[in-house]
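Enquirer: Data file model29.txt (compact mmCIF, C-alpha atoms and all ligand atoms) is appended below.
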# COMPACT_ATOMS: atom_id res chain seq x y z
CA MET A 21 -1.90 -20.95 11.88
CA LYS A 22 0.50 -19.80 14.50
CA VAL A 23 3.49 -17.99 12.98
CA LEU A 24 6.85 -17.34 14.65
CA VAL A 25 8.78 -14.36 13.23
CA ILE A 26 12.49 -14.03 14.12
CA GLY A 27 14.00 -10.54 14.36
CA ALA A 28 13.60 -7.18 16.05
CA GLY A 29 13.52 -4.44 13.43
CA GLY A 30 11.25 -2.50 11.10
CA ARG A 31 11.39 -5.33 8.56
CA GLU A 32 9.99 -7.75 11.12
CA HIS A 33 7.33 -5.26 12.24
CA ALA A 34 6.25 -4.92 8.60
CA LEU A 35 6.19 -8.72 8.13
CA CYS A 36 4.08 -9.17 11.29
CA TRP A 37 1.73 -6.36 10.19
CA LYS A 38 1.17 -8.09 6.85
CA ILE A 39 0.93 -11.61 8.30
CA ARG A 40 -1.65 -10.27 10.79
CA GLN A 41 -3.95 -9.45 7.85
CA SER A 42 -4.04 -13.07 6.71
CA PRO A 43 -7.27 -14.96 7.40
CA LEU A 44 -5.09 -18.08 7.78
CA VAL A 45 -3.37 -16.74 10.90
CA ARG A 46 -4.65 -16.83 14.47
CA GLU A 47 -1.48 -15.97 16.39
CA ILE A 48 1.91 -14.30 15.77
CA VAL A 49 4.89 -14.61 18.08
CA ALA A 50 7.98 -12.43 17.48
CA ALA A 51 11.43 -13.16 18.90
CA PRO A 52 12.57 -10.84 20.20
CA GLY A 53 10.36 -8.29 18.37
CA ASN A 54 10.18 -4.78 19.83
CA ASP A 55 7.84 -2.73 22.01
CA GLY A 56 6.37 -0.92 19.00
CA MET A 57 5.02 -4.10 17.40
CA ARG A 58 3.12 -5.50 20.36
CA GLY A 59 -0.12 -4.52 18.65
CA VAL A 60 0.44 -7.19 15.97
CA ALA A 61 2.59 -9.82 17.73
CA ARG A 62 3.32 -11.32 21.13
CA CYS A 63 7.00 -10.66 21.80
CA GLU A 64 9.22 -13.28 23.44
CA ALA A 65 12.59 -12.08 24.72
CA VAL A 66 14.92 -14.40 22.82
CA SER A 67 17.63 -12.74 20.74
CA ALA A 68 17.74 -13.40 16.99
CA GLU A 69 21.39 -14.50 17.46
CA ASP A 70 20.61 -17.10 20.14
CA ILE A 71 20.16 -20.20 17.97
CA ALA A 72 19.75 -22.66 20.86
CA GLY A 73 17.29 -20.31 22.59
CA LEU A 74 15.22 -19.92 19.41
CA VAL A 75 15.06 -23.69 18.90
CA GLN A 76 13.83 -24.04 22.51
CA LEU A 77 11.28 -21.29 21.93
CA ALA A 78 9.99 -23.09 18.83
CA GLU A 79 9.73 -26.36 20.78
CA ARG A 80 7.68 -24.53 23.41
CA GLU A 81 5.44 -22.55 21.04
CA ARG A 82 4.99 -25.22 18.32
CA PRO A 83 4.44 -22.68 15.46
CA ASP A 84 2.96 -23.93 12.16
CA LEU A 85 5.39 -21.69 10.27
CA VAL A 86 8.63 -19.88 11.14
CA MET A 87 9.78 -16.80 9.21
CA VAL A 88 13.40 -15.77 9.78
CA GLY A 89 14.05 -12.04 9.16
CA PRO A 90 17.79 -11.36 9.57
CA GLU A 91 20.82 -12.96 7.89
CA ALA A 92 22.88 -13.80 10.99
CA PRO A 93 20.68 -16.67 12.27
CA LEU A 94 20.25 -18.01 8.72
CA CYS A 95 24.02 -18.07 8.15
CA ALA A 96 24.39 -19.72 11.59
CA GLY A 97 22.05 -22.55 10.55
CA LEU A 98 18.82 -21.68 12.35
CA ALA A 99 16.64 -22.87 9.45
CA ASP A 100 18.52 -26.21 9.38
CA ARG A 101 18.19 -26.73 13.16
CA LEU A 102 14.44 -26.01 13.02
CA ARG A 103 13.84 -28.20 9.95
CA GLU A 104 15.63 -31.11 11.62
CA ARG A 105 12.98 -30.85 14.32
CA GLY A 106 10.16 -30.91 11.84
CA PHE A 107 9.24 -27.21 11.71
CA LEU A 108 8.14 -25.51 8.51
CA VAL A 109 10.68 -22.69 7.96
CA ALA A 110 10.69 -19.87 5.40
CA GLY A 111 14.43 -19.26 5.11
CA PRO A 112 17.40 -20.86 3.34
CA SER A 113 19.82 -23.41 4.80
CA ALA A 114 23.18 -22.20 6.11
CA ALA A 115 24.83 -23.67 2.99
CA ALA A 116 22.53 -21.62 0.74
CA ALA A 117 22.75 -18.50 2.95
CA ARG A 118 26.50 -18.37 2.17
CA LEU A 119 25.42 -16.38 -0.88
CA GLU A 120 25.21 -13.52 1.64
CA GLY A 121 27.52 -14.85 4.37
CA SER A 122 30.65 -14.84 2.19
CA LYS A 123 31.17 -12.22 -0.51
CA ALA A 124 34.03 -14.29 -1.98
CA PHE A 125 31.79 -17.37 -2.25
CA SER A 126 28.97 -15.27 -3.69
CA LYS A 127 31.19 -13.74 -6.38
CA GLU A 128 32.64 -17.14 -7.22
CA VAL A 129 29.12 -18.54 -7.70
CA MET A 130 28.11 -15.55 -9.87
CA ALA A 131 31.22 -16.04 -12.00
CA ALA A 132 30.69 -19.80 -12.33
CA ALA A 133 27.07 -19.14 -13.32
CA ARG A 134 28.22 -16.50 -15.83
CA ALA A 135 25.86 -13.99 -14.25
CA PRO A 136 26.98 -10.41 -15.03
CA THR A 137 28.90 -8.90 -12.13
CA ALA A 138 31.97 -6.68 -11.66
CA ALA A 139 35.37 -8.34 -12.20
CA PHE A 140 36.97 -9.22 -8.85
CA ASN A 141 39.91 -10.71 -6.97
CA VAL A 142 39.95 -12.31 -3.53
CA PHE A 143 42.77 -11.72 -1.03
CA ASP A 144 43.68 -13.34 2.29
CA SER A 145 46.62 -11.04 2.90
CA ALA A 146 46.54 -7.25 3.23
CA GLU A 147 50.02 -7.04 1.72
CA ASP A 148 48.98 -8.88 -1.45
CA ALA A 149 45.80 -6.81 -1.76
CA MET A 150 47.74 -3.55 -1.41
CA ALA A 151 50.39 -4.67 -3.90
CA PHE A 152 47.64 -5.48 -6.39
CA VAL A 153 46.15 -1.98 -6.04
CA ARG A 154 49.57 -0.33 -6.34
CA ARG A 155 50.27 -2.24 -9.54
CA ALA A 156 46.91 -1.35 -11.05
CA ASN A 157 47.15 2.22 -9.71
CA ARG A 158 43.39 2.85 -9.68
CA PRO A 159 40.53 2.49 -7.20
CA PHE A 160 38.67 -0.75 -6.40
CA VAL A 161 35.63 -1.38 -4.24
CA VAL A 162 36.77 -3.08 -1.00
CA LYS A 163 34.41 -5.70 0.44
CA ALA A 164 34.95 -7.58 3.68
CA ASP A 165 34.18 -11.23 3.00
CA GLY A 166 32.03 -11.94 6.05
CA LEU A 167 28.82 -10.53 7.53
CA ALA A 168 29.31 -6.90 8.55
CA ALA A 169 25.77 -5.52 9.01
CA GLY A 170 26.10 -3.31 5.93
CA LYS A 171 29.41 -1.80 7.12
CA GLY A 172 31.82 -4.01 5.21
CA VAL A 173 31.88 -2.21 1.84
CA ILE A 174 34.10 0.78 1.01
CA VAL A 175 33.77 2.60 -2.32
CA PRO A 176 36.99 4.63 -2.69
CA ALA A 177 37.71 7.37 -5.23
CA THR A 178 41.47 6.73 -5.60
CA ALA A 179 44.10 3.98 -5.30
CA GLU A 180 45.32 5.58 -2.03
CA GLU A 181 41.84 5.47 -0.55
CA THR A 182 41.56 1.83 -1.65
CA ILE A 183 44.77 1.01 0.23
CA ALA A 184 43.48 2.86 3.29
CA GLY A 185 40.25 0.85 3.02
CA ILE A 186 42.17 -2.43 2.87
CA ARG A 187 44.08 -1.35 5.98
CA GLN A 188 40.86 -0.55 7.88
CA VAL A 189 39.22 -3.84 6.98
CA MET A 190 42.14 -6.30 7.06
CA ILE A 191 44.55 -4.81 9.59
CA ASP A 192 42.47 -2.56 11.89
CA ARG A 193 39.63 -5.10 11.59
CA VAL A 194 36.90 -2.43 11.83
CA VAL A 195 34.32 -5.14 11.08
CA GLY A 196 36.12 -7.86 13.03
CA ASP A 197 36.93 -11.26 11.56
CA ALA A 198 34.60 -10.55 8.63
CA GLY A 199 37.65 -8.65 7.32
CA ALA A 200 40.13 -11.55 7.38
CA ARG A 201 39.54 -11.90 3.65
CA VAL A 202 38.56 -9.19 1.16
CA VAL A 203 37.12 -8.99 -2.31
CA LEU A 204 38.47 -6.16 -4.49
CA GLU A 205 36.02 -5.30 -7.21
CA GLU A 206 35.93 -3.10 -10.30
CA LYS A 207 33.92 0.04 -9.65
CA LEU A 208 30.63 0.21 -11.54
CA SER A 209 28.20 3.09 -11.83
CA GLY A 210 24.53 3.50 -12.49
CA PRO A 211 21.23 3.49 -10.60
CA GLU A 212 20.72 0.67 -8.09
CA LEU A 213 17.67 -1.35 -7.30
CA SER A 214 16.64 -4.17 -5.02
CA PHE A 215 15.22 -7.12 -6.93
CA LEU A 216 13.77 -9.80 -4.68
CA VAL A 217 12.32 -13.14 -5.69
CA PHE A 218 10.49 -15.93 -3.95
CA THR A 219 11.81 -19.35 -4.91
CA ASP A 220 10.93 -22.88 -3.86
CA GLY A 221 14.08 -24.22 -5.49
CA GLU A 222 12.38 -24.65 -8.89
CA ARG A 223 9.93 -21.83 -9.53
CA VAL A 224 11.01 -18.22 -9.31
CA VAL A 225 8.44 -15.48 -8.69
CA PRO A 226 9.63 -11.85 -8.80
CA LEU A 227 8.57 -9.25 -6.24
CA ALA A 228 8.01 -5.65 -7.29
CA PRO A 229 11.40 -3.90 -7.56
CA SER A 230 12.24 -1.35 -4.91
CA ARG A 231 14.83 1.38 -4.47
CA ASP A 232 16.79 1.85 -1.28
CA HIS A 233 18.55 5.14 -0.54
CA LYS A 234 21.67 3.99 1.28
CA ARG A 235 23.56 7.20 2.04
CA LEU A 236 22.80 9.11 5.23
CA ARG A 237 22.23 12.55 3.70
CA ASP A 238 20.31 14.11 0.85
CA GLY A 239 21.73 13.88 -2.65
CA GLY A 240 23.52 10.60 -1.93
CA GLN A 241 25.98 12.30 0.46
CA GLY A 242 27.42 11.10 3.74
CA PRO A 243 28.29 7.60 4.93
CA ASN A 244 26.62 4.37 3.83
CA THR A 245 23.82 3.15 6.09
CA GLY A 246 21.55 0.13 6.25
CA GLY A 247 19.05 2.20 4.23
CA MET A 248 17.40 5.59 4.86
CA GLY A 249 14.27 5.17 2.77
CA THR A 250 12.65 3.16 0.01
CA VAL A 251 10.13 3.37 -2.81
CA CYS A 252 8.25 0.55 -4.53
CA PRO A 253 7.84 -0.01 -7.40
CA THR A 254 10.73 1.75 -9.13
CA PRO A 255 9.62 4.05 -11.98
CA ASN A 256 9.35 2.76 -15.57
CA HIS A 257 9.49 -0.87 -14.55
CA SER A 258 8.01 -3.61 -16.74
CA SER A 259 7.58 -7.35 -16.43
CA GLY A 260 10.09 -7.66 -19.29
CA HIS A 261 12.80 -6.47 -16.89
CA ASP A 262 11.78 -9.16 -14.40
CA ARG A 263 12.11 -11.86 -17.02
CA GLU A 264 15.46 -10.52 -18.23
CA TRP A 265 16.94 -10.37 -14.71
CA ILE A 266 15.62 -13.81 -13.78
CA ASP A 267 17.03 -15.42 -16.94
CA LEU A 268 20.33 -13.56 -16.81
CA MET A 269 21.13 -13.68 -13.11
CA ILE A 270 18.72 -15.54 -10.89
CA ARG A 271 18.20 -18.87 -12.65
CA PRO A 272 21.87 -19.46 -13.52
CA VAL A 273 22.82 -18.82 -9.88
CA LEU A 274 20.06 -21.10 -8.55
CA ARG A 275 21.25 -23.83 -10.94
CA GLU A 276 24.85 -23.34 -9.79
CA MET A 277 23.82 -23.54 -6.10
CA LYS A 278 21.93 -26.75 -6.76
CA ALA A 279 24.91 -28.24 -8.60
CA ARG A 280 27.04 -27.43 -5.54
CA GLY A 281 24.66 -29.33 -3.28
CA ALA A 282 23.26 -26.17 -1.69
CA PRO A 283 19.86 -25.61 -3.32
CA TYR A 284 18.40 -22.21 -2.48
CA GLN A 285 14.87 -22.08 -1.13
CA GLY A 286 13.46 -18.84 0.30
CA VAL A 287 13.54 -15.12 -0.39
CA LEU A 288 16.52 -14.19 -2.54
CA TYR A 289 17.50 -10.52 -2.68
CA ALA A 290 19.64 -9.40 -5.61
CA GLY A 291 21.23 -5.96 -5.39
CA LEU A 292 21.44 -4.73 -8.99
CA MET A 293 23.17 -1.84 -10.67
CA LEU A 294 21.86 -0.78 -14.06
CA THR A 295 25.10 0.13 -15.80
CA ARG A 296 25.58 1.29 -19.38
CA GLN A 297 26.83 -2.21 -20.17
CA GLY A 298 23.60 -3.68 -18.84
CA PRO A 299 22.32 -4.88 -15.47
CA MET A 300 24.97 -6.18 -13.07
CA LEU A 301 24.78 -8.04 -9.78
CA LEU A 302 26.31 -6.17 -6.84
CA GLU A 303 25.37 -8.63 -4.14
CA PHE A 304 23.00 -11.28 -2.90
CA ASN A 305 21.18 -11.28 0.41
CA CYS A 306 19.54 -14.41 1.78
CA ARG A 307 16.49 -12.60 3.20
CA PHE A 308 14.06 -9.70 2.84
CA GLY A 309 15.66 -6.22 2.75
CA ASP A 310 15.27 -3.60 5.44
CA PRO A 311 13.71 -1.07 4.67
CA GLU A 312 12.64 -2.64 1.34
CA THR A 313 10.22 -4.97 3.13
CA GLN A 314 8.34 -2.03 4.62
CA VAL A 315 7.30 -0.78 1.17
CA LEU A 316 6.89 -4.28 -0.28
CA MET A 317 4.37 -5.18 2.42
CA LEU A 318 2.38 -1.99 1.77
CA GLN A 319 2.42 -2.60 -1.96
CA LEU A 320 1.61 -6.33 -1.86
CA GLU A 321 -2.05 -7.17 -2.37
CA SER A 322 -1.82 -10.96 -2.06
CA ASP A 323 -1.85 -12.74 1.26
CA LEU A 324 1.82 -13.22 2.17
CA VAL A 325 1.33 -16.35 4.27
CA PRO A 326 0.70 -18.90 1.46
CA TRP A 327 3.90 -17.64 -0.18
CA LEU A 328 5.98 -17.98 2.97
CA ALA A 329 4.53 -21.44 3.54
CA GLY A 330 5.10 -22.30 -0.13
CA MET A 331 8.80 -21.41 0.08
CA ALA A 332 9.08 -23.40 3.28
CA ARG A 333 7.36 -26.47 1.80
CA GLY A 334 9.12 -26.30 -1.55
CA GLU A 335 6.00 -25.53 -3.55
CA LEU A 336 4.97 -21.95 -4.28
CA PRO A 337 1.27 -21.19 -4.80
CA ALA A 338 0.03 -21.64 -8.37
CA GLU A 339 -1.83 -18.31 -8.48
CA PRO A 340 -0.04 -15.05 -9.40
CA LEU A 341 1.42 -12.75 -6.77
CA LYS A 342 -0.75 -9.61 -6.89
CA TRP A 343 0.39 -6.03 -6.37
CA ARG A 344 -1.62 -2.87 -5.68
CA GLU A 345 -1.72 0.03 -8.13
CA GLY A 346 0.14 3.20 -7.09
CA VAL A 347 3.32 3.48 -5.04
CA SER A 348 4.55 2.92 -1.52
CA VAL A 349 7.25 4.94 0.18
CA CYS A 350 9.16 4.64 3.44
CA VAL A 351 11.21 7.30 5.21
CA VAL A 352 13.53 6.20 8.01
CA LEU A 353 13.94 8.37 11.10
CA ALA A 354 17.39 7.58 12.49
CA ALA A 355 18.88 8.31 15.90
CA GLU A 356 21.48 10.95 16.66
CA ASN A 357 24.98 9.77 15.64
CA TYR A 358 23.71 6.94 13.36
CA PRO A 359 25.40 5.12 11.56
CA GLY A 360 27.88 5.42 14.44
CA THR A 361 26.79 4.30 17.92
CA PRO A 362 23.25 5.67 18.15
CA VAL A 363 22.07 7.82 21.06
CA ARG A 364 19.52 5.82 23.05
CA GLY A 365 16.76 6.98 25.35
CA ALA A 366 15.62 10.11 23.45
CA VAL A 367 11.87 10.54 24.00
CA ILE A 368 9.75 10.31 20.83
CA GLU A 369 6.77 12.64 20.35
CA GLY A 370 4.00 12.54 17.78
CA LEU A 371 2.85 8.92 18.10
CA ARG A 372 -0.41 7.57 19.48
CA GLU A 373 -0.32 5.61 22.73
CA ASP A 374 0.17 2.33 20.80
CA GLY A 375 2.99 3.78 18.70
CA SER A 376 0.95 4.26 15.52
CA ARG A 377 -0.37 7.29 13.61
CA GLU A 378 -3.57 7.86 11.70
CA ASP A 379 -2.03 9.39 8.55
CA VAL A 380 0.81 6.95 7.88
CA VAL A 381 1.78 3.37 8.71
CA VAL A 382 4.47 3.44 11.40
CA PHE A 383 6.86 0.50 11.69
CA HIS A 384 9.08 0.47 14.76
CA ALA A 385 12.71 -0.44 14.16
CA GLY A 386 14.75 0.78 17.14
CA THR A 387 12.36 1.88 19.88
CA ARG A 388 11.36 0.70 23.33
CA ARG A 389 9.03 1.91 26.05
CA ASP A 390 10.69 3.50 29.07
CA GLU A 391 9.52 3.07 32.70
CA GLN A 392 6.89 5.77 32.14
CA GLY A 393 5.52 3.99 29.09
CA ARG A 394 6.89 6.53 26.60
CA PHE A 395 8.51 5.39 23.36
CA VAL A 396 12.24 6.22 23.35
CA THR A 397 15.03 5.63 20.82
CA HIS A 398 16.78 2.28 21.23
CA GLY A 399 18.67 1.64 17.98
CA GLY A 400 20.15 3.30 14.89
CA ARG A 401 17.16 3.29 12.62
CA VAL A 402 14.35 4.25 14.98
CA LEU A 403 11.08 4.51 13.05
CA ASN A 404 9.83 3.88 9.52
CA LEU A 405 7.09 6.22 8.30
CA CYS A 406 5.31 4.59 5.36
CA ALA A 407 2.46 5.40 3.02
CA HIS A 408 0.76 3.99 -0.04
CA ALA A 409 -0.95 6.35 -2.52
CA GLU A 410 -1.96 6.64 -6.17
CA THR A 411 1.05 8.83 -6.97
CA MET A 412 4.56 9.26 -5.62
CA ASP A 413 3.91 12.94 -4.79
CA GLU A 414 0.88 12.06 -2.70
CA ALA A 415 2.67 9.27 -0.82
CA LEU A 416 5.71 11.48 -0.19
CA SER A 417 3.70 14.45 1.04
CA ARG A 418 1.82 12.23 3.54
CA VAL A 419 5.04 10.74 4.88
CA TYR A 420 6.88 14.07 5.10
CA ARG A 421 3.94 15.79 6.84
CA ALA A 422 4.13 13.02 9.45
CA ALA A 423 7.94 13.30 9.63
CA ALA A 424 7.54 16.94 10.67
CA GLU A 425 5.40 15.88 13.64
CA VAL A 426 7.19 12.76 14.84
CA ARG A 427 10.06 14.28 16.77
CA PHE A 428 12.92 13.29 19.03
CA PRO A 429 16.19 15.06 19.88
CA GLY A 430 18.89 14.46 17.24
CA ALA A 431 16.54 12.81 14.72
CA GLN A 432 18.03 12.45 11.22
CA PHE A 433 16.14 11.77 8.03
CA ARG A 434 16.52 12.38 4.32
CA THR A 435 14.18 14.84 2.65
CA ASP A 436 14.71 13.52 -0.89
CA ILE A 437 13.50 9.92 -0.78
CA GLY A 438 11.92 8.94 -4.10
CA ARG A 439 13.46 11.73 -6.14
CA PRO A 440 15.05 10.40 -9.30
CA GLY A 441 18.83 10.40 -9.59
CA ASP A 442 19.71 10.30 -5.91
CA GLU A 443 21.60 7.51 -4.23
P1 LIG B 501 26.90 -4.39 -1.30
O1 LIG B 501 26.77 -4.67 0.17
O2 LIG B 501 27.79 -5.32 -2.02
O3 LIG B 501 25.58 -4.15 -1.98
O4 LIG B 501 27.58 -2.94 -1.36
C1 LIG B 501 27.01 -1.84 -0.70
C2 LIG B 501 26.96 -0.67 -1.63
O5 LIG B 501 28.25 -0.39 -2.14
C3 LIG B 501 26.08 -0.90 -2.84
O6 LIG B 501 24.74 -0.62 -2.58
C4 LIG B 501 26.69 0.06 -3.85
O7 LIG B 501 26.20 1.37 -3.64
C5 LIG B 501 28.16 0.03 -3.51
N1 LIG B 501 28.87 -0.93 -4.37
C6 LIG B 501 29.01 -2.26 -4.18
N2 LIG B 501 29.71 -2.84 -5.19
C7 LIG B 501 30.02 -1.85 -6.05
C8 LIG B 501 30.73 -1.79 -7.29
N3 LIG B 501 31.29 -2.89 -7.84
N4 LIG B 501 30.83 -0.59 -7.90
C9 LIG B 501 30.30 0.53 -7.35
N5 LIG B 501 29.62 0.53 -6.19
C10 LIG B 501 29.48 -0.63 -5.53
N1 LIG B 502 18.43 -2.34 2.65
C1 LIG B 502 19.56 -3.15 2.37
C2 LIG B 502 19.52 -4.48 2.95
O1 LIG B 502 18.54 -4.91 3.54
O2 LIG B 502 20.51 -5.20 2.84
As a first step, turn the structure in this file into structure tokens.
Expert:
Amino acid sequence: MKVLVIGAGGREHALCWKIRQSPLVREIVAAPGNDGMRGVARCEAVSAEDIAGLVQLAERERPDLVMVGPEAPLCAGLADRLRERGFLVAGPSAAAARLEGSKAFSKEVMAAARAPTAAFNVFDSAEDAMAFVRRANRPFVVKADGLAAGKGVIVPATAEETIAGIRQVMIDRVVGDAGARVVLEEKLSGPELSFLVFTDGERVVPLAPSRDHKRLRDGGQGPNTGGMGTVCPTPNHSSGHDREWIDLMIRPVLREMKARGAPYQGVLYAGLMLTRQGPMLLEFNCRFGDPETQVLMLQLESDLVPWLAGMARGELPAEPLKWREGVSVCVVLAAENYPGTPVRGAVIEGLREDGSREDVVVFHAGTRRDEQGRFVTHGGRVLNLCAHAETMDEALSRVYRAAAEVRFPGAQFRTDIGRPGDE
């Protein structure tokens, strides 16, 4: 098979790395990919946001399977455009991707499906939203309705902070038009985990649960980011949890989507919080997580390609999805000033000529080669250092030994990935 992977980050590098191991695959094309993944894919310079350009690329390359990494092209209808032209696509339709593309829609579907989630209200006017908070006189989580690349959620401590958050999102439009509408949500607390499933519209197959550390600094401090590190599986997990979450949250939502004429077919990512009242849905994403995928691909034993093809065709493989023993961890090295505008062009040391290392698996997220052929920083999350081992301690010590040697000016990383209790 020839596989086309859409996207440019560490998630897509990890997908290409895993797809490369499949005996079914002879060629991988990434669009646009990045310089660090040229060892596993041929990169074609078409942006993941350029829907018309990607359709043209597919017409030219004639892939047997297309895997779409990021949410933006899915929400813009890339999977629909490609399917209309007869391509096999692992990724939901735009109508189904609204589960991520609109937080108000997503919450409405959860509520209609009676899936447990925080109580919420939707507002189209900043004035009404602020009046609601003043009346209640306590904090609410503020969520911009539209896609905001992980920057559209504010978790305030007080009513005043909530009002300031509404102002930022709805009036100052810090995340643009995504903030024209907001969801105000009751604040929940408890450990979070990322629960992903493969679904062909009927069958639902759970992936191993993973944990993403979203705050920039150790101990769950600092601003929210796209994710600073992950572990998979989460400790003390059992298949009973999978069944419970699927019955309680996933199946009802899939049924509701089907009833609305938008059946969901693809990878579905549920962000869960394990509260004292039981598991609750925080959000849905219409795709693989980043950096969850990096650890999932290390931990997955089965060939990924029949599963991607199965989601695309509407018929998942009959055999079980197999996972390795032990654990996988990923530590993100981020650029100076991330999650603000990252500093680009800082020279990275400690990698082999092809961008890899011997001791850990390196996925490139925001790098490029400069004129002299050196890898330099080129995005917020720069590199993902990953390892699989029998125990968490072993995996962590391998990754952190490597993190001490992979250096660039201004590099930021957390030193407490995988420690229990941290956000
Ligand atoms: P989301 O994009 O909806 O997952 O929100 C991003 C982050 O905000 C989550 O990972 C949580 O840490 C936090 N968050 C979202 N919703 C809530 C909530 N209802 N209560 C407390 N924290 C939340
Ligand atoms: N790591 C969080 C996400 O992919 O949305």
Enquirer: Go through chain A residue by residue and, counting all atoms listed in the file, keep those with an atom at most 8 Å from ligand LIG 501 (chain B); for each kept residue give the shortest atom pair and its distance in Å to one decimal, ordered by chain and increasing number, as CSV.
Expert:
residue,atom,partner,partner_atom,distance
A:Lys123,CA,B:LIG501,O2,7.8
A:Thr137,CA,B:LIG501,N3,7.8
A:Ala138,CA,B:LIG501,N3,5.4
A:Phe160,CA,B:LIG501,N3,7.8
A:Val161,CA,B:LIG501,C8,5.8
A:Lys163,CA,B:LIG501,O2,7.1
A:Gly170,CA,B:LIG501,O1,6.0
A:Lys171,CA,B:LIG501,O1,8.0
A:Gly172,CA,B:LIG501,O1,7.2
A:Val173,CA,B:LIG501,O4,5.4
A:Ile174,CA,B:LIG501,O5,6.7
A:Val175,CA,B:LIG501,N5,6.0
A:Glu205,CA,B:LIG501,N3,5.3
A:Glu206,CA,B:LIG501,N3,5.3
A:Lys207,CA,B:LIG501,N4,3.6
A:Leu208,CA,B:LIG501,N4,3.7
A:Ser209,CA,B:LIG501,C9,5.6
A:Glu212,CA,B:LIG501,O6,6.9
A:Lys234,CA,B:LIG501,O6,6.8
A:Asn244,CA,B:LIG501,C2,7.4
A:Gly291,CA,B:LIG501,O3,5.8
A:Met293,CA,B:LIG501,C4,7.9
A:Leu302,CA,B:LIG501,N2,5.0
A:Glu303,CA,B:LIG501,O2,4.6
A:Phe304,CA,B:LIG501,O3,7.6
A:Glu443,CA,B:LIG501,O7,7.7
Enquirer: One number please: CA of Val396 in chain A to CA of Phe428 in chain A, in Å, one decimal.
Expert: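 Spanning CA of Val396 in chain A to CA of Phe428 in chain A is a straight-line distance of 8.3 Å.
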Enquirer: Counting all atoms listed in the file, find residues at most 10 Å from (24.4, -17.7, -1.4) (file frame) and give them as number ranges by chain.
Expert: A: 95, 112-123, 125-127, 129-130, 273-274, 277, 282-284, 288, 303-306
Enquirer: Atoms to include: C-alpha atoms. Write the selected residues as a CSV table (one decimal), in the frame of the given file.
Expert:
chain,number,residue,atom,x,y,z
A,95,CYS,CA,24.0,-18.1,8.2
A,112,PRO,CA,17.4,-20.9,3.3
A,113,SER,CA,19.8,-23.4,4.8
A,114,ALA,CA,23.2,-22.2,6.1
A,115,ALA,CA,24.8,-23.7,3.0
A,116,ALA,CA,22.5,-21.6,0.7
A,117,ALA,CA,22.8,-18.5,3.0
A,118,ARG,CA,26.5,-18.4,2.2
A,119,LEU,CA,25.4,-16.4,-0.9
A,120,GLU,CA,25.2,-13.5,1.6
A,121,GLY,CA,27.5,-14.8,4.4
A,122,SER,CA,30.6,-14.8,2.2
A,123,LYS,CA,31.2,-12.2,-0.5
A,125,PHE,CA,31.8,-17.4,-2.2
A,126,SER,CA,29.0,-15.3,-3.7
A,127,LYS,CA,31.2,-13.7,-6.4
A,129,VAL,CA,29.1,-18.5,-7.7
A,130,MET,CA,28.1,-15.6,-9.9
A,273,VAL,CA,22.8,-18.8,-9.9
A,274,LEU,CA,20.1,-21.1,-8.6
A,277,MET,CA,23.8,-23.5,-6.1
A,282,ALA,CA,23.3,-26.2,-1.7
A,283,PRO,CA,19.9,-25.6,-3.3
A,284,TYR,CA,18.4,-22.2,-2.5
A,288,LEU,CA,16.5,-14.2,-2.5
A,303,GLU,CA,25.4,-8.6,-4.1
A,304,PHE,CA,23.0,-11.3,-2.9
A,305,ASN,CA,21.2,-11.3,0.4
A,306,CYS,CA,19.5,-14.4,1.8
Enquirer: For range 202-205 of chain A, what centre and edge lengths in Å (one decimal) does the axis-aligned box get once 5 Å is added on each side of all its listed atoms, as AutoDock Vina command-line options?
Expert:
--center_x 37.3 --center_y -7.2 --center_z -3.0 --size_x 12.5 --size_y 13.9 --size_z 18.4
Enquirer: Using all atoms listed in the file, which residues have at least one atom no more than 7 Å from ligand LIG 502 (chain B)? Output them as a PDB file with C-alpha atoms, in the frame of the given file.
Expert:
ATOM      1  CA  GLY A 170      26.100  -3.310   5.930  1.00  0.00           C
ATOM      2  CA  ASP A 232      16.790   1.850  -1.280  1.00  0.00           C
ATOM      3  CA  GLY A 246      21.550   0.130   6.250  1.00  0.00           C
ATOM      4  CA  GLY A 247      19.050   2.200   4.230  1.00  0.00           C
ATOM      5  CA  ASN A 305      21.180 -11.280   0.410  1.00  0.00           C
ATOM      6  CA  PHE A 308      14.060  -9.700   2.840  1.00  0.00           C
ATOM      7  CA  GLY A 309      15.660  -6.220   2.750  1.00  0.00           C
ATOM      8  CA  ASP A 310      15.270  -3.600   5.440  1.00  0.00           C
ATOM      9  CA  PRO A 311      13.710  -1.070   4.670  1.00  0.00           C
ATOM     10  CA  GLU A 312      12.640  -2.640   1.340  1.00  0.00           C
TER      11      GLU A 312
END
Enquirer: Residues around (-0.8, -9.6, -12.6), cut-off 10 Å, counting only C-alpha atoms - what are they as a list in words?
Expert: Ser259, Glu339, Pro340, Leu341, Lys342, Trp343 and Arg344 of chain A
Enquirer: Between A:Val381, A:Leu371, A:Leu98, A:Val45, which residue has the minimum interatomic distance to Ala78 in chain A, considering only C-alpha atoms?
Expert: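 Using only C-alpha atoms, the shortest distance to Ala78 in chain A belongs to A:Leu98.
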Enquirer: Which value, in Å to one decimal, gives the distance between CA of Val419 in chain A and CA of Gly249 in chain A?
Expert: 11.0 Å
Enquirer: Can you list, as a PyMOL selection string, every protein, DNA or RNA residue that comes within 10 Å of Arg275 in chain A when you count all atoms listed in the file, leaving out same-chain residues fewer than 3 positions away?
Expert: chain A and resi 133+221-222+270-272+278-280+282-284
